[in-house]
Amino acid sequence: MTRNLFASPLYDGQLGDDELLEELAYSIRMLAQDDGAGQRWSKEKGYKGYTSYASLDDLPQRDPAFDDLKRLLLKHARAFAKELAWDVKPKLDSLWVNLMKPGAVHSAHIHPHSILSGTLYVEIPKDAGAIRFEDPRLPMMMAAPVRDEDAPEHLRPFIDIAPAAGTILLWESFLRHEVLSHNGEGERLSISFNFA
Ligand code: FE
């Protein structure tokens, strides 16, 4: 018998509210148009598109669509915390929007000072960048053989997920991830968040 130790759970849920998704898409485009500080930050950092990550920290107070979203996200985060066997109630700590233009990428990173992180996908054109998760033990694998390409999911060192609009992914904040190149046409809209 072989046992699988030290799982890396990934929550894969659905927003289930198409009307809210449309409102959020509209709000993201408005922010991308009006938030000068965010536009400058995105430009300085070479981000192909717009993110409110460094400029706005009060979206749920500004816009009822984000307040509705906040409540829904809390439900998902609580369900996931239960699955993780955590005896805590996650609290939304930050929430920001991302508008990626064709050619945009987001290199590998983790989300410090948080317990859960995640993304809601709002508009995903065909061939828009997938999100890639990486086995957090990779830096310790000094001489590990390469795995077969068709290895089962729980044995692969990288997992790429091509999300659809309405998908909510949640993971533990230490999991390193990146957004691969957006090779489609049109804008890739998403909302990312941290729970503390
Ligand atoms: Fe991230």
# chains A, B, ... in the order shown; residues from 1 in each chain; ligands from 1
$ closest_atom_pairs --of "chain A" --to "ligand 1" --cutoff "9 Å" --atoms "only C-alpha atoms and all ligand atoms" --output "CSV"
residue,atom,partner,partner_atom_place_in_ligand_line,distance
A:His106,CA,ligand 1,1 (Fe),8.2
A:Ser107,CA,ligand 1,1 (Fe),9.0
A:Ala108,CA,ligand 1,1 (Fe),7.9
A:His109,CA,ligand 1,1 (Fe),6.2
A:Ile110,CA,ligand 1,1 (Fe),6.3
A:His111,CA,ligand 1,1 (Fe),6.4
A:Ser117,CA,ligand 1,1 (Fe),7.4
A:Gly118,CA,ligand 1,1 (Fe),7.3
A:Thr119,CA,ligand 1,1 (Fe),7.9
A:Ser173,CA,ligand 1,1 (Fe),8.6
A:Arg176,CA,ligand 1,1 (Fe),8.0
A:His177,CA,ligand 1,1 (Fe),6.3
A:Glu178,CA,ligand 1,1 (Fe),6.8
A:Val179,CA,ligand 1,1 (Fe),8.1
A:Ser192,CA,ligand 1,1 (Fe),7.1
A:Phe193,CA,ligand 1,1 (Fe),8.4
$ write_last_selection --atoms "N, CA, C and O atoms" --output "PDB file, in the first residue's frame"
ATOM      1  N   HIS A 106       2.116  37.180 -15.558  1.00  0.00           N
ATOM      2  CA  HIS A 106       2.368  37.555 -14.161  1.00  0.00           C
ATOM      3  C   HIS A 106       3.287  36.485 -13.593  1.00  0.00           C
ATOM      4  O   HIS A 106       2.870  35.343 -13.415  1.00  0.00           O
ATOM      5  N   SER A 107       4.532  36.863 -13.311  1.00  0.00           N
ATOM      6  CA  SER A 107       5.537  35.864 -12.949  1.00  0.00           C
ATOM      7  C   SER A 107       5.251  35.248 -11.572  1.00  0.00           C
ATOM      8  O   SER A 107       4.432  35.752 -10.804  1.00  0.00           O
ATOM      9  N   ALA A 108       5.945  34.150 -11.270  1.00  0.00           N
ATOM     10  CA  ALA A 108       5.638  33.328 -10.098  1.00  0.00           C
ATOM     11  C   ALA A 108       5.792  34.110  -8.796  1.00  0.00           C
ATOM     12  O   ALA A 108       6.733  34.876  -8.623  1.00  0.00           O
ATOM     13  N   HIS A 109       4.851  33.893  -7.887  1.00  0.00           N
ATOM     14  CA  HIS A 109       4.861  34.615  -6.607  1.00  0.00           C
ATOM     15  C   HIS A 109       4.018  33.870  -5.583  1.00  0.00           C
ATOM     16  O   HIS A 109       3.239  32.981  -5.931  1.00  0.00           O
ATOM     17  N   ILE A 110       4.185  34.261  -4.322  1.00  0.00           N
ATOM     18  CA  ILE A 110       3.306  33.796  -3.245  1.00  0.00           C
ATOM     19  C   ILE A 110       2.635  35.049  -2.652  1.00  0.00           C
ATOM     20  O   ILE A 110       2.977  36.159  -3.029  1.00  0.00           O
ATOM     21  N   HIS A 111       1.687  34.860  -1.744  1.00  0.00           N
ATOM     22  CA  HIS A 111       1.002  36.000  -1.132  1.00  0.00           C
ATOM     23  C   HIS A 111       1.333  36.016   0.362  1.00  0.00           C
ATOM     24  O   HIS A 111       0.679  35.315   1.134  1.00  0.00           O
ATOM     25  N   SER A 117      -5.509  32.518  -0.374  1.00  0.00           N
ATOM     26  CA  SER A 117      -5.526  33.447  -1.493  1.00  0.00           C
ATOM     27  C   SER A 117      -6.364  32.832  -2.597  1.00  0.00           C
ATOM     28  O   SER A 117      -6.571  31.612  -2.619  1.00  0.00           O
ATOM     29  N   GLY A 118      -6.811  33.672  -3.502  1.00  0.00           N
ATOM     30  CA  GLY A 118      -7.619  33.113  -4.578  1.00  0.00           C
ATOM     31  C   GLY A 118      -7.925  34.115  -5.652  1.00  0.00           C
ATOM     32  O   GLY A 118      -7.537  35.281  -5.580  1.00  0.00           O
ATOM     33  N   THR A 119      -8.627  33.628  -6.669  1.00  0.00           N
ATOM     34  CA  THR A 119      -9.017  34.465  -7.805  1.00  0.00           C
ATOM     35  C   THR A 119     -10.402  34.055  -8.293  1.00  0.00           C
ATOM     36  O   THR A 119     -10.724  32.869  -8.342  1.00  0.00           O
ATOM     37  N   SER A 173      -1.982  30.344   0.957  1.00  0.00           N
ATOM     38  CA  SER A 173      -1.243  31.483   0.390  1.00  0.00           C
ATOM     39  C   SER A 173       0.230  31.202   0.101  1.00  0.00           C
ATOM     40  O   SER A 173       0.864  31.947  -0.635  1.00  0.00           O
ATOM     41  N   ARG A 176       3.098  28.718  -4.509  1.00  0.00           N
ATOM     42  CA  ARG A 176       3.606  29.605  -5.558  1.00  0.00           C
ATOM     43  C   ARG A 176       2.802  29.392  -6.849  1.00  0.00           C
ATOM     44  O   ARG A 176       2.467  28.268  -7.204  1.00  0.00           O
ATOM     45  N   HIS A 177       2.497  30.497  -7.528  1.00  0.00           N
ATOM     46  CA  HIS A 177       1.706  30.404  -8.762  1.00  0.00           C
ATOM     47  C   HIS A 177       2.095  31.526  -9.710  1.00  0.00           C
ATOM     48  O   HIS A 177       2.685  32.521  -9.298  1.00  0.00           O
ATOM     49  N   GLU A 178       1.770  31.356 -10.975  1.00  0.00           N
ATOM     50  CA  GLU A 178       2.026  32.392 -11.965  1.00  0.00           C
ATOM     51  C   GLU A 178       0.917  32.362 -13.003  1.00  0.00           C
ATOM     52  O   GLU A 178       0.196  31.358 -13.127  1.00  0.00           O
ATOM     53  N   VAL A 179       0.760  33.485 -13.723  1.00  0.00           N
ATOM     54  CA  VAL A 179      -0.190  33.509 -14.827  1.00  0.00           C
ATOM     55  C   VAL A 179       0.618  33.455 -16.114  1.00  0.00           C
ATOM     56  O   VAL A 179       1.473  34.308 -16.356  1.00  0.00           O
ATOM     57  N   SER A 192      -8.595  39.178  -7.639  1.00  0.00           N
ATOM     58  CA  SER A 192      -7.800  38.363  -6.710  1.00  0.00           C
ATOM     59  C   SER A 192      -8.013  38.852  -5.286  1.00  0.00           C
ATOM     60  O   SER A 192      -8.395  40.012  -5.071  1.00  0.00           O
ATOM     61  N   PHE A 193      -7.743  37.985  -4.328  1.00  0.00           N
ATOM     62  CA  PHE A 193      -8.024  38.356  -2.938  1.00  0.00           C
ATOM     63  C   PHE A 193      -7.187  37.527  -1.976  1.00  0.00           C
ATOM     64  O   PHE A 193      -6.707  36.443  -2.325  1.00  0.00           O
TER      65      PHE A 193
END
$ residues_around --residues "stretch 123-131 of chain A" --least-positions-apart "5" --cutoff "6 Å" --atoms "only C-alpha atoms" --output "PyMOL selection string"
chain A and resi 160-162+165+178-184+188-189
$ select_by_dssp --residues "chain A" --states "alpha helix (DSSP H)" --output "PyMOL selection string"
chain A and resi 18-34+36-44+59-62+64-83
$ atom_distance --atom1 "atom CA of A:Ala25" --atom2 "atom CA of A:Phe195"
22.2 Å
$ residues_around --residues "A:Leu20" --least-positions-apart "2" --cutoff "10 Å" --atoms "only C-alpha atoms" --output "PyMOL selection string"
chain A and resi 15-18+22-26+65-66+68-69+122+166
$ select_by_dssp --residues "stretch 15-147 of chain A" --states "strand (DSSP E)" --output "ChimeraX atom specification"
/A:49-51,92-100,106-109,116-123,131-134
$ write_last_selection --atoms "N, CA, C and O atoms" --output "CSV table (one decimal), in the first residue's frame"
chain,number,residue,atom,x,y,z
A,49,GLY,N,-1.5,46.0,-19.0
A,49,GLY,CA,-3.0,46.1,-18.6
A,49,GLY,C,-3.1,47.0,-17.4
A,49,GLY,O,-2.3,48.0,-17.2
A,50,TYR,N,-4.0,46.6,-16.5
A,50,TYR,CA,-4.2,47.4,-15.3
A,50,TYR,C,-4.5,46.5,-14.1
A,50,TYR,O,-5.2,45.5,-14.2
A,51,THR,N,-4.0,46.9,-13.0
A,51,THR,CA,-4.3,46.2,-11.7
A,51,THR,C,-4.5,47.3,-10.6
A,51,THR,O,-3.8,48.3,-10.6
A,92,LEU,N,-11.7,38.4,5.0
A,92,LEU,CA,-11.2,39.1,3.8
A,92,LEU,C,-10.2,40.2,4.1
A,92,LEU,O,-10.6,41.1,4.9
A,93,ASP,N,-9.0,40.1,3.6
A,93,ASP,CA,-8.0,41.1,4.0
A,93,ASP,C,-7.7,42.1,2.9
A,93,ASP,O,-7.5,43.3,3.1
A,94,SER,N,-7.7,41.6,1.7
A,94,SER,CA,-7.6,42.5,0.5
A,94,SER,C,-8.2,41.9,-0.7
A,94,SER,O,-8.3,40.7,-0.8
A,95,LEU,N,-8.5,42.8,-1.7
A,95,LEU,CA,-9.2,42.4,-2.9
A,95,LEU,C,-8.8,43.4,-4.0
A,95,LEU,O,-8.9,44.6,-3.7
A,96,TRP,N,-8.4,42.9,-5.1
A,96,TRP,CA,-8.0,43.8,-6.2
A,96,TRP,C,-8.3,43.2,-7.5
A,96,TRP,O,-8.5,42.0,-7.7
A,97,VAL,N,-8.4,44.1,-8.5
A,97,VAL,CA,-8.9,43.6,-9.9
A,97,VAL,C,-7.7,43.6,-10.8
A,97,VAL,O,-6.7,44.3,-10.6
A,98,ASN,N,-7.8,42.8,-11.8
A,98,ASN,CA,-6.7,42.6,-12.8
A,98,ASN,C,-7.3,42.6,-14.2
A,98,ASN,O,-8.3,41.9,-14.5
A,99,LEU,N,-6.8,43.5,-15.0
A,99,LEU,CA,-7.3,43.6,-16.5
A,99,LEU,C,-6.0,43.3,-17.3
A,99,LEU,O,-5.1,44.2,-17.3
A,100,MET,N,-5.9,42.1,-17.9
A,100,MET,CA,-4.7,41.8,-18.6
A,100,MET,C,-5.0,41.9,-20.1
A,100,MET,O,-6.0,41.4,-20.6
A,106,HIS,N,2.1,37.2,-15.6
A,106,HIS,CA,2.4,37.6,-14.2
A,106,HIS,C,3.3,36.5,-13.6
A,106,HIS,O,2.9,35.3,-13.4
A,107,SER,N,4.5,36.9,-13.3
A,107,SER,CA,5.5,35.9,-12.9
A,107,SER,C,5.3,35.2,-11.6
A,107,SER,O,4.4,35.8,-10.8
A,108,ALA,N,5.9,34.2,-11.3
A,108,ALA,CA,5.6,33.3,-10.1
A,108,ALA,C,5.8,34.1,-8.8
A,108,ALA,O,6.7,34.9,-8.6
A,109,HIS,N,4.9,33.9,-7.9
A,109,HIS,CA,4.9,34.6,-6.6
A,109,HIS,C,4.0,33.9,-5.6
A,109,HIS,O,3.2,33.0,-5.9
A,116,LEU,N,-5.3,32.3,3.1
A,116,LEU,CA,-5.9,31.8,1.9
A,116,LEU,C,-5.8,32.9,0.8
A,116,LEU,O,-6.0,34.1,1.2
A,117,SER,N,-5.5,32.5,-0.4
A,117,SER,CA,-5.5,33.4,-1.5
A,117,SER,C,-6.4,32.8,-2.6
A,117,SER,O,-6.6,31.6,-2.6
A,118,GLY,N,-6.8,33.7,-3.5
A,118,GLY,CA,-7.6,33.1,-4.6
A,118,GLY,C,-7.9,34.1,-5.7
A,118,GLY,O,-7.5,35.3,-5.6
A,119,THR,N,-8.6,33.6,-6.7
A,119,THR,CA,-9.0,34.5,-7.8
A,119,THR,C,-10.4,34.1,-8.3
A,119,THR,O,-10.7,32.9,-8.3
A,120,LEU,N,-11.2,35.1,-8.6
A,120,LEU,CA,-12.4,34.9,-9.3
A,120,LEU,C,-12.2,35.3,-10.8
A,120,LEU,O,-11.7,36.4,-11.0
A,121,TYR,N,-12.5,34.4,-11.7
A,121,TYR,CA,-12.3,34.8,-13.1
A,121,TYR,C,-13.6,35.4,-13.7
A,121,TYR,O,-14.7,34.8,-13.5
A,122,VAL,N,-13.5,36.6,-14.2
A,122,VAL,CA,-14.7,37.4,-14.6
A,122,VAL,C,-14.9,37.3,-16.1
A,122,VAL,O,-16.0,37.0,-16.6
A,123,GLU,N,-13.9,37.5,-16.9
A,123,GLU,CA,-14.0,37.4,-18.4
A,123,GLU,C,-12.7,36.7,-18.9
A,123,GLU,O,-11.6,37.2,-18.6
A,131,ILE,N,-3.5,29.7,-15.2
A,131,ILE,CA,-2.7,29.8,-13.9
A,131,ILE,C,-2.0,28.5,-13.7
A,131,ILE,O,-2.5,27.4,-13.9
A,132,ARG,N,-0.7,28.7,-13.3
A,132,ARG,CA,0.2,27.5,-13.0
A,132,ARG,C,0.5,27.5,-11.6
A,132,ARG,O,1.1,28.4,-11.0
A,133,PHE,N,0.3,26.4,-10.9
A,133,PHE,CA,0.7,26.1,-9.5
A,133,PHE,C,1.9,25.2,-9.5
A,133,PHE,O,2.0,24.4,-10.3
A,134,GLU,N,2.7,25.5,-8.5
A,134,GLU,CA,4.0,24.7,-8.4
A,134,GLU,C,4.1,24.0,-7.1
A,134,GLU,O,3.7,24.5,-6.0
$ closest_residue --among "A:Ser52, A:Met140, A:Pro157, A:Ala104" --to "A:Ile28" --atoms "only C-alpha atoms"
A:Ser52
$ closest_residue --among "A:Glu185, A:Asp150, A:Asp57, A:Glu172" --to "A:Pro90" --atoms "only C-alpha atoms"
A:Glu172
$ closest_residue --among "A:Ala85, A:Asp58, A:Tyr47, A:Asp135" --to "A:Glu153" --atoms "only C-alpha atoms"
A:Asp135
$ closest_residue --among "A:His154, A:Tyr11, A:Ala164, A:Ser114" --to "A:Lys82" --atoms "only C-alpha atoms"
A:Tyr11
$ atom_distance --atom1 "atom CA of A:Arg156" --atom2 "atom CA of A:Met142"
16.1 Å
$ closest_residue --among "A:Ala79, A:Val105, A:Leu31, A:Leu155" --to "A:Leu56" --atoms "only C-alpha atoms"
A:Leu31
$ atom_distance --atom1 "atom CA of A:Pro139" --atom2 "atom CA of A:Phe158"
13.1 Å
